[in-house]
Each structure stands twice: as structure tokens, then as C-alpha cells.
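Engineer: Below you'll find start.pdb; it's PDB, C-alpha atoms.
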```pdb
ATOM      1  CA  MET A   1       0.000   0.000   0.000
ATOM      2  CA  PRO A   2       1.165   3.588  -0.521
ATOM      3  CA  GLU A   3       3.215   5.083   2.282
ATOM      4  CA  GLN A   4       0.981   8.085   2.769
ATOM      5  CA  SER A   5      -1.518   9.877   4.932
ATOM      6  CA  SER A   6      -3.999  12.672   4.597
ATOM      7  CA  SER A   7      -5.906  14.868   7.072
ATOM      8  CA  THR A   8      -9.215  14.955   5.307
ATOM      9  CA  ASP A   9     -10.992  12.565   3.087
ATOM     10  CA  THR A  10      -7.860  13.486   1.338
ATOM     11  CA  SER A  11      -7.346  15.056  -2.014
ATOM     12  CA  THR A  12     -10.702  16.418  -3.114
ATOM     13  CA  PRO A  13     -12.123  14.805  -6.249
ATOM     14  CA  THR A  14     -12.506  16.987  -9.291
ATOM     15  CA  SER A  15     -16.056  18.261  -9.781
ATOM     16  CA  THR A  16     -17.896  19.712 -12.724
ATOM     17  CA  ARG A  17     -19.377  23.169 -12.289
ATOM     18  CA  THR A  18     -23.098  23.479 -12.817
ATOM     19  CA  SER A  19     -24.309  25.991 -15.366
ATOM     20  CA  THR A  20     -27.094  27.475 -13.271
ATOM     21  CA  PRO A  21     -25.966  30.325 -10.979
ATOM     22  CA  ALA A  22     -27.134  30.009  -7.382
ATOM     23  CA  SER A  23     -29.004  32.810  -5.660
ATOM     24  CA  THR A  24     -27.374  34.260  -2.553
ATOM     25  CA  ALA A  25     -30.621  35.591  -1.090
ATOM     26  CA  PRO A  26     -31.994  33.726   1.946
ATOM     27  CA  THR A  27     -34.989  31.478   1.399
ATOM     28  CA  PRO A  28     -37.813  33.031   3.475
ATOM     29  CA  SER A  29     -39.252  29.708   4.624
ATOM     30  CA  THR A  30     -37.633  26.325   4.084
ATOM     31  CA  PRO A  31     -39.942  23.297   4.286
ATOM     32  CA  GLY A  32     -38.682  20.675   6.707
ATOM     33  CA  LEU A  33     -36.674  23.051   8.876
ATOM     34  CA  PRO A  34     -37.839  24.562  12.193
ATOM     35  CA  ALA A  35     -39.728  27.835  11.916
ATOM     36  CA  GLY A  36     -37.514  30.907  11.863
ATOM     37  CA  LEU A  37     -34.609  29.294  10.037
ATOM     38  CA  THR A  38     -33.645  30.428   6.555
ATOM     39  CA  THR A  39     -31.286  29.025   3.946
ATOM     40  CA  ARG A  40     -29.102  30.276   1.140
ATOM     41  CA  PRO A  41     -26.051  29.099  -0.805
ATOM     42  CA  LEU A  42     -22.751  29.959   0.830
ATOM     43  CA  ARG A  43     -20.288  32.477  -0.563
ATOM     44  CA  THR A  44     -16.567  32.888   0.049
ATOM     45  CA  SER A  45     -17.168  35.620   2.627
ATOM     46  CA  ASP A  46     -18.847  32.958   4.809
ATOM     47  CA  ALA A  47     -15.555  31.086   5.371
ATOM     48  CA  HIS A  48     -15.019  32.453   8.877
ATOM     49  CA  ALA A  49     -18.598  31.708   9.932
ATOM     50  CA  VAL A  50     -18.264  28.130   8.666
ATOM     51  CA  PHE A  51     -14.977  27.781  10.558
ATOM     52  CA  VAL A  52     -16.601  28.989  13.802
ATOM     53  CA  LEU A  53     -19.485  26.566  13.258
ATOM     54  CA  MET A  54     -17.245  23.573  12.536
ATOM     55  CA  ALA A  55     -14.932  24.440  15.432
ATOM     56  CA  ALA A  56     -17.887  24.480  17.843
ATOM     57  CA  GLN A  57     -19.011  21.076  16.625
ATOM     58  CA  GLU A  58     -15.506  19.566  16.908
ATOM     59  CA  ALA A  59     -14.981  21.000  20.383
ATOM     60  CA  GLU A  60     -18.241  19.378  21.462
ATOM     61  CA  ASP A  61     -17.623  16.015  19.779
ATOM     62  CA  ILE A  62     -13.880  15.355  20.183
ATOM     63  CA  GLY A  63     -12.822  17.895  22.801
ATOM     64  CA  GLN A  64     -10.496  19.808  20.502
ATOM     65  CA  VAL A  65     -10.571  21.874  17.319
ATOM     66  CA  ALA A  66      -8.828  20.327  14.334
ATOM     67  CA  ILE A  67     -10.320  22.429  11.527
ATOM     68  CA  GLU A  68      -8.610  25.661  10.505
ATOM     69  CA  GLU A  69     -10.054  28.506   8.509
ATOM     70  CA  ALA A  70      -7.281  28.030   5.935
ATOM     71  CA  ASP A  71      -8.636  24.523   5.257
ATOM     72  CA  ILE A  72     -11.962  26.008   4.219
ATOM     73  CA  VAL A  73     -10.491  28.913   2.265
ATOM     74  CA  SER A  74      -8.155  26.677   0.239
ATOM     75  CA  ASP A  75     -10.913  24.135  -0.481
ATOM     76  CA  TRP A  76     -13.219  26.861  -1.699
ATOM     77  CA  ALA A  77     -10.463  28.336  -3.871
ATOM     78  CA  LYS A  78     -10.173  25.163  -5.951
ATOM     79  CA  PRO A  79     -11.247  25.969  -9.526
ATOM     80  CA  SER A  80     -13.309  22.776  -9.717
ATOM     81  CA  HIS A  81     -15.555  23.694  -6.775
ATOM     82  CA  ASP A  82     -18.691  25.698  -7.471
ATOM     83  CA  LEU A  83     -19.488  26.864  -3.947
ATOM     84  CA  GLY A  84     -22.742  28.611  -4.826
ATOM     85  CA  ALA A  85     -24.204  25.545  -6.521
ATOM     86  CA  ARG A  86     -22.781  22.957  -4.114
ATOM     87  CA  SER A  87     -23.510  24.404  -0.654
ATOM     88  CA  VAL A  88     -26.260  25.545   1.669
ATOM     89  CA  GLY A  89     -26.143  27.539   4.884
ATOM     90  CA  VAL A  90     -28.887  27.437   7.509
ATOM     91  CA  PHE A  91     -29.338  30.730   9.335
ATOM     92  CA  GLU A  92     -31.143  31.956  12.405
ATOM     93  CA  GLY A  93     -31.322  35.658  11.744
ATOM     94  CA  GLU A  94     -27.787  36.564  10.642
ATOM     95  CA  ALA A  95     -26.135  33.674  12.515
ATOM     96  CA  LEU A  96     -25.011  30.566  10.629
ATOM     97  CA  VAL A  97     -26.234  27.560  12.632
ATOM     98  CA  ALA A  98     -25.653  24.736  10.132
ATOM     99  CA  TYR A  99     -24.231  24.093   6.698
ATOM    100  CA  ALA A 100     -23.583  21.387   4.108
ATOM    101  CA  GLU A 101     -21.570  21.173   0.912
ATOM    102  CA  LEU A 102     -20.683  18.575  -1.695
ATOM    103  CA  MET A 103     -17.239  18.613  -3.298
ATOM    104  CA  GLY A 104     -16.567  16.491  -6.337
ATOM    105  CA  ALA A 105     -18.644  13.391  -6.837
ATOM    106  CA  ASP A 106     -19.021  12.150  -3.295
ATOM    107  CA  ARG A 107     -17.278  14.195  -0.587
ATOM    108  CA  ALA A 108     -19.818  15.852   1.676
ATOM    109  CA  ASP A 109     -19.227  17.977   4.767
ATOM    110  CA  THR A 110     -21.815  19.156   7.273
ATOM    111  CA  ALA A 111     -21.968  20.813  10.665
ATOM    112  CA  VAL A 112     -24.761  21.762  13.055
ATOM    113  CA  LEU A 113     -24.229  24.105  15.992
ATOM    114  CA  PRO A 114     -24.418  21.925  19.137
ATOM    115  CA  SER A 115     -27.092  24.193  20.633
ATOM    116  CA  HIS A 116     -29.301  23.489  17.600
ATOM    117  CA  ARG A 117     -29.074  19.700  17.580
ATOM    118  CA  GLY A 118     -32.160  17.573  18.018
ATOM    119  CA  ARG A 119     -34.326  19.827  15.851
ATOM    120  CA  GLY A 120     -34.155  17.856  12.592
ATOM    121  CA  ILE A 121     -31.576  20.129  10.940
ATOM    122  CA  GLY A 122     -29.014  17.354  10.430
ATOM    123  CA  THR A 123     -31.625  15.104   8.852
ATOM    124  CA  TRP A 124     -32.703  17.916   6.535
ATOM    125  CA  LEU A 125     -29.074  18.506   5.481
ATOM    126  CA  ALA A 126     -28.522  14.791   4.838
ATOM    127  CA  HIS A 127     -31.524  14.664   2.503
ATOM    128  CA  TRP A 128     -30.473  17.937   0.850
ATOM    129  CA  LEU A 129     -27.076  16.394   0.084
ATOM    130  CA  GLN A 130     -28.665  13.259  -1.360
ATOM    131  CA  ASP A 131     -30.899  15.338  -3.622
ATOM    132  CA  LEU A 132     -27.907  17.387  -4.771
ATOM    133  CA  GLY A 133     -25.843  14.257  -5.360
ATOM    134  CA  ARG A 134     -28.532  12.769  -7.587
ATOM    135  CA  ALA A 135     -28.891  16.079  -9.431
ATOM    136  CA  VAL A 136     -25.188  16.180 -10.329
ATOM    137  CA  GLY A 137     -25.022  12.505 -11.246
ATOM    138  CA  SER A 138     -23.287  11.063  -8.168
ATOM    139  CA  SER A 139     -23.864   7.391  -7.430
ATOM    140  CA  VAL A 140     -22.813   7.680  -3.778
ATOM    141  CA  ILE A 141     -22.029  10.390  -1.255
ATOM    142  CA  GLY A 142     -20.275  10.162   2.071
ATOM    143  CA  MET A 143     -18.841  12.277   4.848
ATOM    144  CA  PRO A 144     -16.394  11.954   7.759
ATOM    145  CA  VAL A 145     -17.753  12.066  11.310
ATOM    146  CA  PRO A 146     -16.136  11.306  14.692
ATOM    147  CA  GLN A 147     -16.858   7.710  15.621
ATOM    148  CA  GLY A 148     -19.719   7.501  18.105
ATOM    149  CA  SER A 149     -20.612  11.187  17.787
ATOM    150  CA  PRO A 150     -24.185  12.485  17.365
ATOM    151  CA  GLY A 151     -23.458  12.901  13.658
ATOM    152  CA  ASP A 152     -22.272   9.300  13.403
ATOM    153  CA  ARG A 153     -25.397   8.014  15.139
ATOM    154  CA  LEU A 154     -27.663  10.161  12.975
ATOM    155  CA  LEU A 155     -26.131   8.994   9.714
ATOM    156  CA  GLU A 156     -26.312   5.369  10.835
ATOM    157  CA  SER A 157     -30.022   5.821  11.575
ATOM    158  CA  LEU A 158     -30.498   7.278   8.078
ATOM    159  CA  GLY A 159     -28.923   4.250   6.402
ATOM    160  CA  TYR A 160     -25.376   5.525   5.879
ATOM    161  CA  HIS A 161     -22.853   2.682   6.190
ATOM    162  CA  VAL A 162     -19.181   2.913   7.190
ATOM    163  CA  ARG A 163     -16.976   3.024   4.097
ATOM    164  CA  TRP A 164     -13.644   3.393   5.895
ATOM    165  CA  THR A 165     -12.131   4.404   9.223
ATOM    166  CA  SER A 166      -9.603   7.189   9.806
ATOM    167  CA  TRP A 167      -7.291   7.940  12.705
ATOM    168  CA  VAL A 168      -5.604  11.129  13.842
ATOM    169  CA  LEU A 169      -2.181  10.202  15.201
ATOM    170  CA  LYS A 170       0.099  12.241  17.404
ATOM    171  CA  LEU A 171       3.770  11.976  18.270
ATOM    172  CA  PRO A 172       3.980  12.401  22.042
ATOM    173  CA  GLU A 173       5.616  15.641  23.130
ATOM    174  CA  GLY A 174       9.364  15.223  23.446
ATOM    175  CA  ALA A 175       9.414  12.040  21.331
ATOM    176  CA  THR A 176      11.142  11.795  17.971
ATOM    177  CA  ILE A 177      10.802   9.400  15.067
ATOM    178  CA  PRO A 178      13.878   7.164  14.574
ATOM    179  CA  GLU A 179      15.954   8.433  11.684
ATOM    180  CA  ARG A 180      16.430   6.343   8.556
ATOM    181  CA  ASP A 181      19.351   6.575   6.194
ATOM    182  CA  LEU A 182      18.362   7.442   2.651
ATOM    183  CA  PRO A 183      19.493   5.317  -0.300
ATOM    184  CA  PRO A 184      22.683   6.589  -1.958
ATOM    185  CA  GLY A 185      22.114   9.768  -3.957
ATOM    186  CA  HIS A 186      18.723  10.557  -2.373
ATOM    187  CA  VAL A 187      18.148  13.884  -0.600
ATOM    188  CA  VAL A 188      15.251  15.364   1.420
ATOM    189  CA  ARG A 189      14.770  19.097   0.923
ATOM    190  CA  THR A 190      12.334  21.921   0.224
ATOM    191  CA  ALA A 191      10.583  21.525  -3.132
ATOM    192  CA  GLU A 192      11.637  23.939  -5.817
ATOM    193  CA  PRO A 193       8.872  25.822  -7.674
ATOM    194  CA  ALA A 194       9.599  23.880 -10.852
ATOM    195  CA  GLU A 195       8.978  20.604  -8.964
ATOM    196  CA  LEU A 196       5.380  21.374  -8.021
ATOM    197  CA  ARG A 197       3.888  19.378 -10.906
ATOM    198  CA  ALA A 198       6.134  16.413 -10.164
ATOM    199  CA  ALA A 199       5.063  16.546  -6.507
ATOM    200  CA  HIS A 200       1.426  16.580  -7.591
ATOM    201  CA  ASP A 201       1.969  13.533  -9.784
ATOM    202  CA  VAL A 202       3.688  11.513  -7.048
ATOM    203  CA  LEU A 203       0.859  12.269  -4.617
ATOM    204  CA  GLU A 204      -1.965  11.567  -7.055
ATOM    205  CA  ASP A 205      -0.420   8.393  -8.467
ATOM    206  CA  ALA A 206      -0.097   7.030  -4.931
ATOM    207  CA  PHE A 207      -3.492   8.168  -3.649
ATOM    208  CA  LEU A 208      -5.322   6.767  -6.654
ATOM    209  CA  GLU A 209      -3.965   3.281  -5.978
ATOM    210  CA  TRP A 210      -6.588   2.962  -3.235
ATOM    211  CA  SER A 211      -8.962   5.942  -3.469
ATOM    212  CA  VAL A 212     -11.838   5.558  -5.931
ATOM    213  CA  ARG A 213     -12.254   9.056  -7.333
ATOM    214  CA  GLU A 214     -11.250  11.245 -10.226
ATOM    215  CA  ARG A 215      -7.709  12.527 -10.446
ATOM    216  CA  GLU A 216      -7.221  15.859  -8.697
ATOM    217  CA  SER A 217      -6.305  18.561 -11.188
ATOM    218  CA  PHE A 218      -2.998  20.357 -10.843
ATOM    219  CA  GLU A 219      -4.905  23.632 -10.442
ATOM    220  CA  ASP A 220      -6.834  22.240  -7.465
ATOM    221  CA  PHE A 221      -3.578  20.960  -5.992
ATOM    222  CA  GLU A 222      -2.042  24.420  -6.309
ATOM    223  CA  ALA A 223      -4.979  25.967  -4.466
ATOM    224  CA  ALA A 224      -4.543  23.484  -1.611
ATOM    225  CA  THR A 225      -0.769  23.931  -1.330
ATOM    226  CA  THR A 226       0.955  27.092  -2.522
ATOM    227  CA  GLY A 227      -2.406  28.881  -2.603
ATOM    228  CA  ARG A 228      -3.280  27.997   0.977
ATOM    229  CA  PRO A 229      -3.297  31.018   3.329
ATOM    230  CA  GLY A 230      -0.052  31.063   5.285
ATOM    231  CA  PHE A 231       1.807  28.664   2.972
ATOM    232  CA  GLU A 232       5.592  28.996   3.031
ATOM    233  CA  PRO A 233       7.973  27.230   0.604
ATOM    234  CA  TRP A 234       9.461  25.029   3.340
ATOM    235  CA  ASN A 235       6.040  23.426   3.889
ATOM    236  CA  LEU A 236       6.432  21.273   0.769
ATOM    237  CA  ARG A 237       9.148  18.627   1.306
ATOM    238  CA  VAL A 238      10.439  16.262  -1.374
ATOM    239  CA  VAL A 239      12.822  13.358  -1.691
ATOM    240  CA  VAL A 240      14.802  13.491  -4.933
ATOM    241  CA  ASP A 241      16.901  10.639  -6.279
ATOM    242  CA  ALA A 242      20.387  10.772  -7.765
ATOM    243  CA  ASP A 243      18.940  11.933 -11.078
ATOM    244  CA  GLY A 244      17.005  14.777  -9.443
ATOM    245  CA  ALA A 245      13.596  13.143  -9.898
ATOM    246  CA  VAL A 246      10.953  13.677  -7.193
ATOM    247  CA  VAL A 247      10.213  10.268  -5.659
ATOM    248  CA  GLY A 248       8.594  11.257  -2.350
ATOM    249  CA  VAL A 249       6.489  14.181  -1.113
ATOM    250  CA  SER A 250       5.286  15.547   2.216
ATOM    251  CA  LEU A 251       3.155  18.610   2.842
ATOM    252  CA  VAL A 252       3.745  19.737   6.441
ATOM    253  CA  LEU A 253       1.808  22.644   7.927
ATOM    254  CA  VAL A 254       1.821  24.522  11.219
ATOM    255  CA  SER A 255      -1.389  24.948  13.199
ATOM    256  CA  ASP A 256      -2.840  28.411  13.663
ATOM    257  CA  ASN A 257      -1.763  28.469  17.303
ATOM    258  CA  GLY A 258       1.781  27.531  16.292
ATOM    259  CA  THR A 259       2.028  24.471  18.554
ATOM    260  CA  THR A 260       1.480  21.601  16.128
ATOM    261  CA  GLY A 261       3.196  20.519  12.940
ATOM    262  CA  TYR A 262       0.980  18.213  10.937
ATOM    263  CA  VAL A 263       1.595  16.266   7.761
ATOM    264  CA  ASP A 264      -1.338  16.913   5.475
ATOM    265  CA  ARG A 265      -0.192  14.681   2.609
ATOM    266  CA  LEU A 266       2.561  12.079   2.296
ATOM    267  CA  ALA A 267       3.400   9.722  -0.551
ATOM    268  CA  VAL A 268       6.304   7.776  -2.008
ATOM    269  CA  ARG A 269       6.540   6.634  -5.617
ATOM    270  CA  ARG A 270       5.652   2.950  -5.949
ATOM    271  CA  ASP A 271       9.081   1.815  -7.182
ATOM    272  CA  GLN A 272      10.830   3.599  -4.286
ATOM    273  CA  ARG A 273       8.867   2.133  -1.368
ATOM    274  CA  ASN A 274      10.220  -0.011   1.465
ATOM    275  CA  ARG A 275      13.496   1.914   1.389
ATOM    276  CA  GLY A 276      12.813   4.190   4.364
ATOM    277  CA  LEU A 277      11.777   7.248   2.341
ATOM    278  CA  ALA A 278       8.427   7.737   4.101
ATOM    279  CA  GLN A 279      10.067   7.576   7.515
ATOM    280  CA  ALA A 280      12.826   9.969   6.397
ATOM    281  CA  LEU A 281      10.149  12.397   5.174
ATOM    282  CA  LEU A 282       8.360  12.215   8.518
ATOM    283  CA  VAL A 283      11.584  12.860  10.433
ATOM    284  CA  ASP A 284      12.369  15.829   8.183
ATOM    285  CA  SER A 285       8.823  17.249   8.174
ATOM    286  CA  PHE A 286       8.409  17.229  11.934
ATOM    287  CA  ALA A 287      11.941  18.555  12.453
ATOM    288  CA  ARG A 288      11.290  21.490  10.130
ATOM    289  CA  ALA A 289       8.033  22.186  11.964
ATOM    290  CA  ARG A 290       9.867  22.190  15.302
ATOM    291  CA  GLU A 291      12.324  24.701  13.850
ATOM    292  CA  HIS A 292       9.270  26.908  13.311
ATOM    293  CA  GLY A 293       8.169  26.682  16.939
ATOM    294  CA  THR A 294       5.933  23.611  17.161
ATOM    295  CA  SER A 295       6.060  21.208  20.096
ATOM    296  CA  THR A 296       3.772  18.404  18.871
ATOM    297  CA  SER A 297       3.415  16.500  15.601
ATOM    298  CA  GLU A 298       0.309  14.998  13.989
ATOM    299  CA  LEU A 299      -1.017  13.351  10.860
ATOM    300  CA  SER A 300      -3.976  11.226   9.849
ATOM    301  CA  THR A 301      -4.401   8.071   7.845
ATOM    302  CA  ASP A 302      -7.268   5.735   7.026
ATOM    303  CA  SER A 303      -7.980   2.048   6.687
ATOM    304  CA  ARG A 304      -7.703   2.115   2.886
ATOM    305  CA  THR A 305      -3.975   2.891   2.983
ATOM    306  CA  GLY A 306      -2.758   0.128   5.274
ATOM    307  CA  ALA A 307      -0.313   2.661   6.755
ATOM    308  CA  LEU A 308      -1.567   2.744  10.355
ATOM    309  CA  GLY A 309       0.992   0.177  11.480
ATOM    310  CA  LEU A 310       3.845   2.190   9.952
ATOM    311  CA  TYR A 311       2.993   5.236  12.041
ATOM    312  CA  GLU A 312       2.411   3.241  15.210
ATOM    313  CA  ARG A 313       5.782   1.521  14.822
ATOM    314  CA  VAL A 314       7.579   4.874  14.772
ATOM    315  CA  GLY A 315       5.905   5.904  18.031
ATOM    316  CA  MET A 316       2.757   7.749  16.947
ATOM    317  CA  VAL A 317      -0.430   7.250  18.963
ATOM    318  CA  ALA A 318      -4.046   7.498  17.742
ATOM    319  CA  THR A 319      -5.879  10.339  19.502
ATOM    320  CA  SER A 320      -9.225  10.252  17.688
ATOM    321  CA  THR A 321     -11.106   7.940  15.350
ATOM    322  CA  TRP A 322     -13.345   9.015  12.488
ATOM    323  CA  VAL A 323     -15.567   7.040  10.144
ATOM    324  CA  ASN A 324     -16.615   7.934   6.634
ATOM    325  CA  ARG A 325     -20.265   7.008   6.222
ATOM    326  CA  GLY A 326     -21.758   6.798   2.739
ATOM    327  CA  ILE A 327     -25.060   6.077   1.090
ATOM    328  CA  GLN A 328     -25.795   4.758  -2.397
ATOM    329  CA  LEU A 329     -27.952   7.131  -4.448
ATOM    330  CA  GLY A 330     -30.660   5.487  -6.490
ATOM    331  CA  PRO A 331     -33.510   7.366  -8.182
ATOM    332  CA  SER A 332     -35.350   7.503  -4.862
ATOM    333  CA  GLY A 333     -32.282   7.558  -2.604
ATOM    334  CA  ASP A 334     -32.874   3.957  -1.504
ATOM    335  CA  GLY A 335     -29.969   1.719  -0.616
ATOM    336  CA  ALA A 336     -26.845   2.250   1.451
ATOM    337  CA  LEU A 337     -23.181   1.613   0.823
TER
END
```
Rewrite the coordinates I just gave you, this time as C-alpha cells.
Structural biologist:
Amino acid sequence: MPEQSSSTDTSTPTSTRTSTPASTAPTPSTPGLPAGLTTRPLRTSDAHAVFVLMAAQEAEDIGQVAIEEADIVSDWAKPSHDLGARSVGVFEGEALVAYAELMGADRADTAVLPSHRGRGIGTWLAHWLQDLGRAVGSSVIGMPVPQGSPGDRLLESLGYHVRWTSWVLKLPEGATIPERDLPPGHVVRTAEPAELRAAHDVLEDAFLEWSVRERESFEDFEAATTGRPGFEPWNLRVVVDADGAVVGVSLVLVSDNGTTGYVDRLAVRRDQRNRGLAQALLVDSFARAREHGTSTSELSTDSRTGALGLYERVGMVATSTWVNRGIQLGPSGDGAL
């Protein structure tokens, strides 16, 4: 399996923009939602409100906030994503209390303010996503939720089945990953601008060995890396061989509070695996993050990669477990996957 990890449902599938522009005016009365709530498509200026909403939900469900506003901004900047046609916000007055969006063919994300749970909003959003998925030709949609959370229980009750499991892993404070010697002629360093396309290809080739989705476009990759708010050149690490070819890639970022360095993407070219390159990239990535003030190190991986054991063997410990629940979309929405 690829030596890699990713912090979301990983690289977002490419989507096709719809041709009908979405209105940004609130819907005065939305059937199926509690009285007093309105809806409208989201716009880029809503990024902070969505971050606050998602952070409140994570704090309630897992006791910490993993999402960052830059995650939302960079996702919404991807050329393939038509935010107006693929999202809905639920408002109480001017306050955003829930939202949902569909990226690509099957990646959904939702959040409901904890104070507004138990009012049918999550169920309404789940059905809204299914209707949207059918409208854009998706055969299945799914979303990540913390295992055992209210969202997990709701989706299970609605017929969503677990497609895969993900883990957030942390390197205990003060611990380091054992160093590995690189093969002769191989070097770990900051990626040069001209190597961005090669880095994209290494990541996508590896991810698509196990992830059933369309290939992420280079333009979407740019938006998620060099276009991400706060990106610095040192964030993109590569292993190059004796011929100067990129054979391994790591994208390491620093949390907003400056305490955590986390590897967002990691991959090694198939013909270069089992030579210690992934471990060398981890050592380098977390060391560079520590040079920039971090004290802890994190990444995530899922059951499709087979990489959990690799990270556990180098001393990383799972701190939270997520499941991706999906549902098969037939003409009437019947059937689960």
C-alpha cells in the first residue's frame, strides 16, 4: 500500500461546475426546517462563519478543534468547486447555525451548531445532500464524522454505512521518530517551484492506488498547497533521487496556534517504497516544523492505505477515530453503501 496519509478525506475529487448560478438571497421559509430558520447558498465571505461553526461542533464532539479557517479557504479556492451551486447555509437571523456542501462526486461535509441539535436540521441537510448528489449525477455520497458522535449516530439511523475508518495520530511531546538513512544519492529538501507538478503527480499516483475518485487537477492541488493562506515554501518537502527526480512528497503545515506541525499529505513513488523514504520524510517534516516553533506532531491516515501500522511503529499514537459514512444514491435515494 502507498506510504501516505492525509488529514481529510484526502485530495478532493474533481467536480464539474453546474451551469445554473445560485441565488445568494436567503430562502424566506424552508420546508422541513424549524420555523424561523432560513437558507441560502454559501459564498466565500462565509468562510469564517463556517470555521466557527465547525470548530464548535468539533470541540463538542472530540474535545479539541482540528479544523482551521485556511482549510476552508483553500478548499473553496479550488477551480473545480462551485461553492454557490454545491452548498447551503442554515441561518437563524444573521447567525449561521448549520451548513452542508458537496465537493466532487461524493465528498460531503456538514456541521450543526451543538445548541441546535435535536431539531431535525441534520436530517434535513442529509436529505439535501442526497438530492444534490442525484442532481449532479453522483452514485454515492459520504462524509467523515467522529466515531460515536451524534453525527455518526444520525447517519447510521439514516442508512449511511461505514466506508472506511480514519485515525488522527500524534507523536507524544518530546518524542522523535527514529531516523532512517536514505538510499545513496537521495536527498530530502524543500521543493523547488519547478517541482510542483512532479510533486502533484507523485501524490496523485499514490493516492489513486486505493482511493476511488477522479484525479485531482494540478490547479486544485495548487490551491490546496501554494495557494493555501499562510503557505511557506518550506512546507512542501520532497525526496529526490540521484537523477534529481521527485520520488517522495510531504506537505507539512503549522497549526494556527503555532504548537502543532501536521503532515497533510505524504506519498512515495511505488518503485521507491520499502526503502525508508516515508520515515525519512516524517523525520524531516516534523523537524522542520519544530524549527518553526511547534512542540507536537500529527497526521492522519485511514484504513484504505494500510499505513496505520507504519505510524504506530515509529511511536505515533491514535488520539481520535473518524468514520466515513456513505449512502448509495438510487432514483429515490434507496440503498446504502
Engineer: In file coordinates, which residues lie within 12 Å of (5.8, 14.8, -13.1) using only C-alpha atoms, given as a list in words?
Structural biologist: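 All residues meeting the 12 Å criterion around (5.8, 14.8, -13.1) are Ala194, Glu195, Leu196, Arg197, Ala198, Ala199, His200, Asp201, Val202, Leu203, Glu204, Asp205, Phe218, Gly244, Ala245, Val246, Val247, Gly248 and Arg269 of chain A.
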Engineer: Taking the file as I've supplied it (selection: the PyMOL selection byres ((chain A and resi 55) around 9)), which residues are included? Please answer as a ChimeraX atom specification.
Structural biologist: /A:50-54,56-60,64-68
Engineer: What is the atom CA of A:Gly230 to atom CA of A:Gly174 distance in Å?
Structural biologist: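 Spanning atom CA of A:Gly230 to atom CA of A:Gly174 is a straight-line distance of 25.9 Å.
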Engineer: Extract, using only C-alpha atoms, all DNA, RNA and protein residues at most 6 Å from A:Val145, discarding same-chain residues fewer than 6 positions from it, and format them as JSON, numbers by chain.
Structural biologist: {"A": [152, 322, 323]}
Engineer: Please produce a file of those selected residues containing C-alpha atoms, as a tab-separated table (two decimals), in the frame of the given file.
Structural biologist:
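Output saved as out14.tsv:
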```
chain	number	residue	atom	x	y	z
A	152	ASP	CA	-22.27	9.30	13.40
A	322	TRP	CA	-13.34	9.02	12.49
A	323	VAL	CA	-15.57	7.04	10.14
```
Engineer: Using all atoms of stretch 171-189 of chain A that appear in the file, construct an axis-aligned enclosing box with 8 Å of padding on every side and provide its centre coordinates and edge lengths in Å, rounded to one decimal, as JSON.
Structural biologist:
```
{"center_x": 13.2, "center_y": 12.2, "center_z": 9.7, "size_x": 34.9, "size_y": 29.8, "size_z": 43.4}
```
Engineer: Of the candidates A:Gly326, A:Pro331, A:Gly63, A:Pro31, which one gets nearest to A:Gly142 if we count all atoms listed in the file?
Structural biologist: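 Of A:Gly326, A:Pro331, A:Gly63, A:Pro31, the one nearest A:Gly142 is A:Gly326, counting all atoms listed in the file.
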Engineer: Smallest atom-to-atom distance to A:Asp264: which of A:Glu232, A:Asp284, A:Glu298, A:Glu94, using only C-alpha atoms?
Structural biologist: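 Using only C-alpha atoms, A:Asp264 sits closest to A:Glu298.
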Engineer: List the residues matched by the PyMOL selection byres ((chain A and resi 110) around 10) in the displayed structure as a VMD selection string, ordered by chain and then by residue number.
Structural biologist: chain A and resid 50 53 to 54 57 87 to 89 98 to 102 108 to 109 111 to 112 122 125 to 126 129 143 to 145 151
Engineer: Mind dumping a table of every stretch 56-151 of chain A residue within 8 Å of stretch 40-48 of chain A, with the nearest atom pair and its distance in Å to one decimal, using all atoms listed in the file, sorted by chain and rising number, as JSON lines?
Structural biologist:
```
{"residue": "A:Glu69", "atom": "CA", "partner": "A:His48", "partner_atom": "CA", "distance": 6.4}
{"residue": "A:Ile72", "atom": "CA", "partner": "A:Ala47", "partner_atom": "CA", "distance": 6.3}
{"residue": "A:Val73", "atom": "CA", "partner": "A:Ala47", "partner_atom": "CA", "distance": 6.3}
{"residue": "A:Trp76", "atom": "CA", "partner": "A:Thr44", "partner_atom": "CA", "distance": 7.1}
{"residue": "A:Leu83", "atom": "CA", "partner": "A:Leu42", "partner_atom": "CA", "distance": 6.6}
{"residue": "A:Gly84", "atom": "CA", "partner": "A:Pro41", "partner_atom": "CA", "distance": 5.2}
{"residue": "A:Ala85", "atom": "CA", "partner": "A:Pro41", "partner_atom": "CA", "distance": 7.0}
{"residue": "A:Arg86", "atom": "CA", "partner": "A:Pro41", "partner_atom": "CA", "distance": 7.7}
{"residue": "A:Ser87", "atom": "CA", "partner": "A:Pro41", "partner_atom": "CA", "distance": 5.3}
{"residue": "A:Val88", "atom": "CA", "partner": "A:Pro41", "partner_atom": "CA", "distance": 4.3}
{"residue": "A:Gly89", "atom": "CA", "partner": "A:Arg40", "partner_atom": "CA", "distance": 5.5}
{"residue": "A:Val90", "atom": "CA", "partner": "A:Arg40", "partner_atom": "CA", "distance": 7.0}
```
Engineer: How far is it from atom CA of A:Tyr311 to atom CA of A:Pro229, in Å with one decimal?
Structural biologist: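 So the two atoms, atom CA of A:Tyr311 and atom CA of A:Pro229, lie 27.9 Å apart.
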Engineer: Between atom CA of A:His81 and atom CA of A:Asp106, what distance in Å does the model show, to one decimal?
Structural biologist: 12.5 Å
Engineer: Might you spell out which residues the PyMOL selection byres ((chain A and resi 250) around 9) would select in the displayed file, as a list of chain:residue names?
Structural biologist: A:Gln4, A:Ala199, A:Leu203, A:Asn235, A:Leu236, A:Arg237, A:Val238, A:Val239, A:Gly248, A:Val249, A:Leu251, A:Val252, A:Val263, A:Asp264, A:Arg265, A:Leu266, A:Ala267, A:Val268, A:Ala278, A:Leu281, A:Leu282, A:Ser285
